[in-house]
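Peer 1: Pasting start_33.txt here (compact mmCIF, C-alpha atoms):
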```
# COMPACT_ATOMS: atom_id res chain seq x y z
CA MET A 1 117.86 109.70 99.45
CA THR A 2 115.63 111.98 101.51
CA SER A 3 111.93 111.63 100.81
CA ARG A 4 109.93 114.62 99.63
CA PRO A 5 108.70 116.55 102.70
CA GLU A 6 105.12 116.74 101.44
CA LEU A 7 104.99 112.92 101.53
CA GLN A 8 106.10 112.71 105.15
CA ALA A 9 103.53 114.83 106.98
CA PRO A 10 101.17 117.80 106.55
CA PRO A 11 103.07 121.13 106.39
CA GLU A 12 101.81 122.42 109.74
CA ILE A 13 103.13 119.23 111.37
CA PHE A 14 106.31 118.71 109.34
CA TYR A 15 107.47 122.28 109.95
CA ASN A 16 107.32 122.18 113.74
CA ASP A 17 109.42 124.39 116.02
CA ASP A 18 112.62 122.35 115.56
CA GLU A 19 112.27 121.95 111.78
CA ALA A 20 111.37 125.63 111.31
CA ARG A 21 114.51 126.82 113.13
CA LYS A 22 116.67 124.23 111.40
CA TYR A 23 115.30 125.30 108.02
CA THR A 24 115.86 129.01 108.64
CA SER A 25 119.37 128.63 110.08
CA SER A 26 120.71 126.63 107.12
CA SER A 27 123.01 128.78 104.98
CA ARG A 28 122.34 126.49 102.02
CA ILE A 29 118.57 126.94 102.31
CA ILE A 30 118.94 130.71 102.71
CA ASP A 31 121.05 130.90 99.53
CA ILE A 32 118.61 128.72 97.53
CA GLN A 33 115.59 130.71 98.73
CA ALA A 34 117.26 133.99 97.78
CA LYS A 35 118.06 132.79 94.26
CA LEU A 36 114.59 131.35 93.70
CA SER A 37 112.91 134.51 95.01
CA GLU A 38 115.07 136.78 92.86
CA ARG A 39 114.21 134.71 89.80
CA ALA A 40 110.50 134.83 90.72
CA VAL A 41 110.60 138.63 91.01
CA GLU A 42 112.38 138.79 87.65
CA LEU A 43 109.62 136.69 86.06
CA LEU A 44 106.97 138.98 87.58
CA ALA A 45 108.22 141.62 85.14
CA LEU A 46 107.06 144.53 87.30
CA PRO A 47 107.39 148.04 85.79
CA ASP A 48 110.81 149.58 86.40
CA ASP A 49 109.46 152.88 87.77
CA ASP A 50 110.69 152.72 91.40
CA VAL A 51 107.08 152.54 92.64
CA PRO A 52 106.61 150.01 95.47
CA ARG A 53 104.08 147.29 94.73
CA LEU A 54 101.93 145.23 97.07
CA LEU A 55 102.99 141.61 96.54
CA LEU A 56 101.74 138.32 97.93
CA ASP A 57 104.11 135.63 99.20
CA ILE A 58 102.20 132.34 99.29
CA GLY A 59 103.79 129.82 101.65
CA CYS A 60 106.09 132.49 103.02
CA GLY A 61 107.45 130.27 105.79
CA SER A 62 109.95 132.09 107.99
CA GLY A 63 110.13 135.09 105.67
CA LEU A 64 113.25 134.20 103.66
CA SER A 65 111.60 134.94 100.31
CA GLY A 66 109.95 138.01 101.81
CA GLU A 67 113.39 139.47 102.52
CA THR A 68 114.05 139.49 98.77
CA LEU A 69 110.80 141.36 98.17
CA THR A 70 111.83 143.91 100.79
CA GLU A 71 115.23 144.33 99.16
CA PHE A 72 113.48 145.15 95.87
CA GLY A 73 111.55 147.88 97.72
CA HIS A 74 108.10 146.27 97.68
CA GLN A 75 105.47 145.81 100.38
CA TRP A 76 104.29 142.25 100.88
CA ILE A 77 101.79 140.02 102.61
CA GLY A 78 102.89 136.54 103.61
CA LEU A 79 100.60 133.53 104.08
CA ASP A 80 101.61 130.22 105.62
CA ILE A 81 99.90 127.28 107.30
CA SER A 82 102.71 126.57 109.79
CA PRO A 83 102.48 128.54 113.07
CA SER A 84 106.09 127.60 113.88
CA MET A 85 107.36 129.09 110.62
CA LEU A 86 105.44 132.32 111.21
CA ASP A 87 106.80 132.52 114.77
CA VAL A 88 110.34 132.38 113.40
CA ALA A 89 109.43 135.08 110.87
CA LEU A 90 108.23 137.31 113.72
CA GLU A 91 111.43 136.66 115.67
CA ARG A 92 113.43 137.63 112.58
CA GLU A 93 111.34 140.83 112.36
CA ALA A 94 110.08 140.20 108.85
CA GLU A 95 108.76 143.43 107.38
CA GLY A 96 105.72 141.92 105.69
CA ASP A 97 102.27 141.37 107.14
CA LEU A 98 101.93 137.70 108.15
CA ILE A 99 98.73 135.64 107.98
CA LEU A 100 98.17 132.11 109.29
CA SER A 101 96.16 130.59 106.45
CA ASP A 102 95.57 127.39 104.48
CA MET A 103 95.85 128.29 100.79
CA GLY A 104 93.80 125.21 99.90
CA GLN A 105 90.75 126.88 101.46
CA GLY A 106 91.17 130.07 99.45
CA LEU A 107 93.19 133.19 100.15
CA GLY A 108 90.40 135.38 101.49
CA LEU A 109 91.78 138.69 100.15
CA ARG A 110 89.87 141.60 98.64
CA PRO A 111 89.47 141.48 94.84
CA GLY A 112 92.01 143.27 92.70
CA VAL A 113 94.29 144.59 95.46
CA ILE A 114 97.47 142.54 94.80
CA ASP A 115 100.00 143.72 92.20
CA GLY A 116 101.80 140.38 91.94
CA ALA A 117 102.28 137.07 93.72
CA ILE A 118 105.15 134.65 94.22
CA SER A 119 105.35 131.23 95.82
CA ILE A 120 108.48 129.20 96.49
CA SER A 121 108.14 125.42 96.84
CA ALA A 122 104.61 125.48 98.23
CA VAL A 123 101.87 124.84 95.66
CA GLN A 124 102.73 121.14 95.14
CA TRP A 125 101.57 120.51 98.74
CA LEU A 126 98.00 121.00 97.48
CA CYS A 127 98.28 117.69 95.62
CA ASN A 128 98.29 115.83 98.96
CA ALA A 129 95.24 114.72 100.93
CA ASP A 130 96.29 115.41 104.51
CA LYS A 131 92.79 114.99 105.99
CA SER A 132 89.75 112.92 105.15
CA SER A 133 88.00 116.13 104.06
CA HIS A 134 90.79 117.09 101.64
CA GLU A 135 90.25 116.63 97.92
CA PRO A 136 93.32 117.88 95.99
CA ARG A 137 91.35 118.98 92.94
CA LEU A 138 88.90 121.02 95.02
CA ARG A 139 91.77 122.60 96.96
CA LEU A 140 93.57 123.55 93.73
CA LYS A 141 90.33 125.03 92.40
CA ALA A 142 89.79 127.09 95.57
CA PHE A 143 93.39 128.30 95.59
CA PHE A 144 93.64 129.40 91.97
CA GLY A 145 90.14 130.90 91.97
CA SER A 146 90.88 133.09 94.99
CA LEU A 147 94.36 133.99 93.64
CA TYR A 148 92.84 135.13 90.35
CA ARG A 149 90.27 137.29 92.13
CA CYS A 150 92.73 139.07 94.42
CA LEU A 151 95.19 140.00 91.63
CA ALA A 152 94.90 143.26 89.74
CA ARG A 153 94.03 142.98 86.07
CA GLY A 154 97.17 142.11 84.11
CA ALA A 155 99.17 141.21 87.24
CA ARG A 156 101.37 138.12 87.30
CA ALA A 157 101.77 135.21 89.68
CA VAL A 158 105.04 133.26 89.62
CA LEU A 159 104.82 129.93 91.43
CA GLN A 160 108.00 127.86 91.78
CA VAL A 161 107.00 124.21 92.17
CA TYR A 162 108.50 120.73 92.46
CA PRO A 163 105.93 118.48 90.74
CA GLU A 164 106.51 114.75 91.07
CA ASN A 165 105.89 114.13 87.38
CA VAL A 166 104.63 115.71 84.17
CA ALA A 167 101.02 114.77 84.89
CA GLN A 168 101.06 116.48 88.28
CA ARG A 169 102.49 119.60 86.66
CA GLU A 170 99.68 119.51 84.09
CA LEU A 171 97.12 119.02 86.86
CA ILE A 172 98.29 122.18 88.64
CA LEU A 173 98.57 124.18 85.43
CA GLY A 174 95.17 122.94 84.25
CA PHE A 175 93.36 124.31 87.31
CA ALA A 176 95.21 127.61 86.89
CA MET A 177 93.97 127.91 83.31
CA ARG A 178 90.41 127.00 84.27
CA SER A 179 90.44 129.84 86.81
CA GLY A 180 91.10 132.38 84.05
CA PHE A 181 94.89 132.65 84.03
CA SER A 182 96.99 132.71 80.88
CA GLY A 183 100.63 131.71 80.76
CA GLY A 184 102.62 128.51 81.11
CA VAL A 185 105.61 126.77 82.64
CA VAL A 186 109.18 128.09 82.55
CA VAL A 187 111.87 125.46 83.22
CA ASP A 188 115.33 126.80 84.06
CA PHE A 189 118.29 124.46 83.39
CA PRO A 190 116.05 121.67 82.05
CA HIS A 191 118.96 119.29 81.42
CA SER A 192 120.51 119.64 84.88
CA THR A 193 119.43 117.29 87.66
CA LYS A 194 120.40 119.62 90.52
CA GLN A 195 119.74 123.06 89.03
CA ARG A 196 116.46 122.30 87.26
CA LYS A 197 113.70 124.62 88.52
CA GLU A 198 110.12 124.96 87.32
CA TYR A 199 108.04 128.15 87.51
CA LEU A 200 104.38 128.59 86.68
CA VAL A 201 104.20 132.07 85.17
CA LEU A 202 100.54 133.11 85.18
CA THR A 203 98.91 136.35 84.07
CA CYS A 204 95.56 137.51 85.40
CA GLY A 205 93.35 138.04 82.38
CA GLN A 206 93.44 137.39 78.66
CA ALA A 207 96.73 136.56 76.95
CA SER A 208 98.49 139.49 75.26
CA LEU A 209 101.90 140.37 73.87
CA ASN A 210 102.97 141.40 77.38
CA SER A 211 101.73 138.19 78.98
CA THR A 212 103.66 135.68 76.88
CA THR A 213 105.63 133.12 78.87
CA PRO A 214 109.23 134.32 79.43
CA ASN A 215 112.23 132.37 78.18
CA ALA A 216 113.91 129.90 80.51
CA LYS A 217 117.57 129.86 81.50
CA GLY A 218 119.96 127.23 80.20
CA GLU A 219 123.36 126.16 81.40
CA ASP A 220 125.03 128.10 78.59
CA GLY A 221 123.07 131.25 79.39
CA GLU A 222 120.87 130.94 76.29
CA SER A 223 117.11 130.77 76.40
CA CYS A 224 115.54 127.36 76.09
CA SER A 225 112.13 125.76 75.99
CA ASP A 226 110.75 123.12 78.27
CA GLU A 227 109.48 121.09 75.32
CA ASP A 228 112.82 119.31 74.95
CA ASP A 229 112.90 118.00 78.50
CA SER A 230 109.49 116.37 78.59
CA SER A 231 110.60 113.08 77.07
CA GLY A 232 112.35 111.94 80.23
CA ASP A 233 109.20 112.26 82.30
CA GLU A 234 106.60 111.01 79.86
CA LYS A 235 106.97 107.46 81.05
CA ASN A 236 105.24 108.46 84.28
CA HIS A 237 101.79 109.66 83.32
CA SER A 238 99.90 109.03 86.57
CA VAL A 239 98.96 112.05 88.64
CA SER A 240 100.36 111.57 92.12
CA VAL A 241 98.04 112.54 94.93
CA SER A 242 100.57 111.42 97.54
CA ASP A 243 101.13 108.13 99.31
CA ARG A 244 99.34 109.63 102.31
CA HIS A 245 96.03 109.90 100.47
CA ARG A 246 93.52 108.39 102.86
CA PRO A 247 91.67 105.43 101.35
CA ARG A 248 88.00 105.96 100.80
CA LYS A 249 85.49 103.89 102.70
CA LYS A 250 84.52 100.69 100.96
CA GLN A 251 81.12 100.89 99.38
CA LYS A 252 78.83 97.88 99.15
CA LEU A 253 78.46 96.81 95.56
CA ASN A 254 75.72 94.80 93.84
CA LYS A 255 73.09 95.81 96.38
CA LYS A 256 69.97 93.71 95.83
CA VAL A 257 66.78 95.60 95.03
CA ARG A 258 63.94 94.55 97.34
CA GLY A 259 60.89 94.21 95.14
CA LYS A 260 57.26 93.29 95.68
CA GLU A 261 57.89 89.56 96.11
CA TRP A 262 60.33 90.21 98.96
CA VAL A 263 57.81 92.53 100.70
CA LEU A 264 54.99 90.00 100.40
CA LYS A 265 57.23 87.25 101.76
CA LYS A 266 58.20 89.37 104.77
CA LYS A 267 54.58 90.30 105.47
CA ASP A 268 53.60 86.62 105.36
CA GLN A 269 56.35 85.77 107.85
CA MET A 270 55.13 88.51 110.20
CA ARG A 271 51.57 87.21 110.01
CA ARG A 272 52.70 83.67 110.94
CA LYS A 273 54.39 85.16 113.99
CA GLY A 274 51.08 86.69 115.07
CA ASN A 275 51.94 90.28 114.30
CA ALA A 276 49.38 92.75 113.01
CA VAL A 277 50.19 93.31 109.35
CA PRO A 278 48.25 95.56 106.90
CA LEU A 279 46.32 93.82 104.14
CA ASP A 280 47.91 93.35 100.74
CA THR A 281 46.66 95.76 98.11
CA LYS A 282 47.65 96.91 94.65
CA TYR A 283 49.75 99.60 96.35
CA THR A 284 51.86 97.13 98.31
CA ALA A 285 55.59 97.63 97.59
CA ARG A 286 54.80 100.21 94.93
CA LYS A 287 57.58 102.80 94.64
CA ARG A 288 56.46 106.31 95.38
CA LYS A 289 57.02 108.94 92.73
CA ASP A 290 59.45 111.75 93.50
CA ARG A 291 57.50 114.86 94.37
CA PHE A 292 58.43 118.26 95.80
```
Step by step, read the file and then write its structure as structure tokens.
Peer 2:
Amino acid sequence: MTSRPELQAPPEIFYNDDEARKYTSSSRIIDIQAKLSERAVELLALPDDDVPRLLLDIGCGSGLSGETLTEFGHQWIGLDISPSMLDVALEREAEGDLILSDMGQGLGLRPGVIDGAISISAVQWLCNADKSSHEPRLRLKAFFGSLYRCLARGARAVLQVYPENVAQRELILGFAMRSGFSGGVVVDFPHSTKQRKEYLVLTCGQASLNSTTPNAKGEDGESCSDEDDSSGDEKNHSVSVSDRHRPRKKQKLNKKVRGKEWVLKKKDQMRRKGNAVPLDTKYTARKRKDRF
């Protein structure tokens, strides 16, 4: 069984020139990306008024999901951390504006200019610590905070994710809610191993009748809730921050406090060695008070 790509290497390294071309030339991947993108646009619930919207494609890769946005008649901006993926998108003449960017450092877009955002199989990468300076929780906070700011009031963000477990899903959703979003998780085909897909459907602003979480798709075509499928994952409650999480430096524990007796002993030793040592006073080894 193939390991999850986010556990093998950082995205800018995993998706090198060879992997980017292999990914984009796979008919299976192209078909999956098209279906996921179409479902994401459906969950955006944009007004059916034939007016083009400015959408954001987070983790756009080689532009496969952006093609779906173009087919729906929208303008889009694509962000990705992999230069190789963006090079392939340029070769394929993707119609969106492409930006080389790390979403974990914030999106860096003007406030309130985006009418909707989608992301296909990208946000779960934020749960990995690829560098010693990476802290997954801080990166999730920066991402969702900047996403909330750049969206227009009432706009939606639909993020398709592959969380490793229920706790990781709740970690991602929790930071989204703390940033001001309302919404929840939509799980399509919850009882199917292969077809199961999870979408975070988030609305910028307070919850309203129009911002309720849409119904999921089931194998029989009927709507279903993701409450019924949680039992199979509840046995794994630990939040995974990836096997590649760099271990923190060992800190010395039980550090001995050097008091007045230790200072007097050291001064006595220095005197016996013939060194010039200040006289002992009532201020010897007294801790200074913290002052500005």
Peer 1: Please list, as a ChimeraX atom specification, the residues that have an atom at most 9 Å away from (107.5, 138.0, 96.8) in the coordinates of this file, counting all atoms listed in the file.
Peer 2: /A:37-38,40-41,55-58,60,65-70,74-78,116-120,158
Peer 1: Just to confirm, what's the straight-line distance from CA of Glu6 in chain A to CA of Leu140 in chain A in Å (one decimal)?
Peer 2: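 One can read the CA of Glu6 in chain A to CA of Leu140 in chain A distance as 15.5 Å.
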Peer 1: Set the distance at 8 Å and use all atoms listed in the file: which residues neighbour Leu107 in chain A once local chain neighbours fewer than 4 positions away are removed? I'd like the list as a ChimeraX atom specification.
Peer 2: /A:101-103,143,146-147
Peer 1: In terms of the shortest atom-to-atom distance over only C-alpha atoms, which of A:Ala285, A:Val161, A:Leu200, A:Ala122 is closest to Phe181 in chain A?
Peer 2: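 Looking at the shortest contact to Phe181 in chain A, the residue is A:Leu200.
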Peer 1: Between CA of Gly274 in chain A and CA of Arg286 in chain A, what distance in Å does the model show, to one decimal?
Peer 2: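 Computing the Euclidean distance for CA of Gly274 in chain A and CA of Arg286 in chain A yields 24.5 Å.
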Peer 1: Residues near range 279-284 of chain A, anyone? I mean within 9 Å using all atoms listed in the file, not counting same-chain ones fewer than 3 positions away, as a VMD selection string.
Peer 2: chain A and resid 260 263 to 264 267 287
Peer 1: From the set A:Arg28, A:Lys197, A:Lys289, A:Lys273, which residue has the shortest atom-to-atom contact distance to Ala216 in chain A, counting only C-alpha atoms?
Peer 2: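 Of all the options, A:Lys197 lies closest to Ala216 in chain A.
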Peer 1: Go through A:Gly61, A:Pro52, A:Pro136, A:Gly184 one by one, measure the shortest atom-to-atom distance of each to Leu100 in chain A using all atoms listed in the file, and give the residue with the smallest value.
Peer 2: A:Gly61
Peer 1: Can you measure CA of Ala94 in chain A to CA of Arg139 in chain A for me? One decimal in Å is fine.
Peer 2: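 Straight-line distance from CA of Ala94 in chain A to CA of Arg139 in chain A works out to 28.0 Å.
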Peer 1: Quick one: residues within 6 Å of range 89-92 of chain A, all atoms listed in the file counted, chain neighbours fewer than 3 positions away excluded, as a compact mmCIF listing (two decimals) with C-alpha atoms, in the coordinates of the input?
Peer 2:
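selection_15.txt, freshly written:
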```txt
# COMPACT_ATOMS: atom_id res chain seq x y z
CA SER A 62 109.95 132.09 107.99
CA GLY A 63 110.13 135.09 105.67
CA LEU A 86 105.44 132.32 111.21
```
Peer 1: Here is a test: counting only C-alpha atoms, which residue of A:Ala129, A:Ala176, A:Val113, A:Ile81 is nearest to Gln8 in chain A?
Peer 2: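 Closest to Gln8 in chain A, using only C-alpha atoms: A:Ala129.
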Peer 1: For range 79-96 of chain A in the structure I just supplied, write out N, CA and C atoms - as an mmCIF file, in the first residue's frame.
Peer 2:
```
data_model
loop_
_atom_site.group_PDB
_atom_site.id
_atom_site.type_symbol
_atom_site.label_atom_id
_atom_site.label_comp_id
_atom_site.auth_asym_id
_atom_site.auth_seq_id
_atom_site.Cartn_x
_atom_site.Cartn_y
_atom_site.Cartn_z
ATOM 1 N N LEU A 79 -2.690 29.224 -6.154
ATOM 2 C CA LEU A 79 -1.497 29.268 -5.307
ATOM 3 C C LEU A 79 -0.966 27.859 -5.119
ATOM 4 N N ASP A 80 0.345 27.721 -5.188
ATOM 5 C CA ASP A 80 0.960 26.424 -4.925
ATOM 6 C C ASP A 80 2.400 26.638 -4.480
ATOM 7 N N ILE A 81 2.901 25.683 -3.693
ATOM 8 C CA ILE A 81 4.265 25.793 -3.157
ATOM 9 C C ILE A 81 5.289 25.104 -4.041
ATOM 10 N N SER A 82 4.819 24.304 -5.021
ATOM 11 C CA SER A 82 5.726 23.533 -5.871
ATOM 12 C C SER A 82 6.018 24.273 -7.173
ATOM 13 N N PRO A 83 7.263 24.721 -7.385
ATOM 14 C CA PRO A 83 7.606 25.379 -8.653
ATOM 15 C C PRO A 83 7.409 24.462 -9.854
ATOM 16 N N SER A 84 7.674 23.166 -9.688
ATOM 17 C CA SER A 84 7.533 22.228 -10.792
ATOM 18 C C SER A 84 6.081 22.114 -11.233
ATOM 19 N N MET A 85 5.160 22.077 -10.269
ATOM 20 C CA MET A 85 3.742 22.015 -10.600
ATOM 21 C C MET A 85 3.302 23.267 -11.354
ATOM 22 N N LEU A 86 3.756 24.428 -10.903
ATOM 23 C CA LEU A 86 3.371 25.678 -11.563
ATOM 24 C C LEU A 86 3.982 25.776 -12.961
ATOM 25 N N ASP A 87 5.175 25.218 -13.146
ATOM 26 C CA ASP A 87 5.776 25.199 -14.482
ATOM 27 C C ASP A 87 4.929 24.379 -15.447
ATOM 28 N N VAL A 88 4.429 23.244 -14.973
ATOM 29 C CA VAL A 88 3.556 22.422 -15.817
ATOM 30 C C VAL A 88 2.257 23.167 -16.123
ATOM 31 N N ALA A 89 1.739 23.905 -15.137
ATOM 32 C CA ALA A 89 0.520 24.683 -15.368
ATOM 33 C C ALA A 89 0.741 25.746 -16.436
ATOM 34 N N LEU A 90 1.917 26.364 -16.432
ATOM 35 C CA LEU A 90 2.239 27.360 -17.465
ATOM 36 C C LEU A 90 2.366 26.706 -18.835
ATOM 37 N N GLU A 91 2.985 25.532 -18.878
ATOM 38 C CA GLU A 91 3.104 24.817 -20.148
ATOM 39 C C GLU A 91 1.734 24.430 -20.696
ATOM 40 N N ARG A 92 0.804 24.128 -19.795
ATOM 41 C CA ARG A 92 -0.544 23.743 -20.214
ATOM 42 C C ARG A 92 -1.424 24.964 -20.471
ATOM 43 N N GLU A 93 -0.827 26.168 -20.335
ATOM 44 C CA GLU A 93 -1.519 27.424 -20.596
ATOM 45 C C GLU A 93 -2.784 27.562 -19.745
ATOM 46 N N ALA A 94 -2.608 27.338 -18.448
ATOM 47 C CA ALA A 94 -3.712 27.542 -17.518
ATOM 48 C C ALA A 94 -4.156 28.999 -17.552
ATOM 49 N N GLU A 95 -5.446 29.228 -17.518
ATOM 50 C CA GLU A 95 -5.984 30.569 -17.705
ATOM 51 C C GLU A 95 -6.006 31.395 -16.422
ATOM 52 N N GLY A 96 -5.714 30.786 -15.303
ATOM 53 C CA GLY A 96 -5.696 31.539 -14.054
ATOM 54 C C GLY A 96 -4.360 32.220 -13.811
#
```
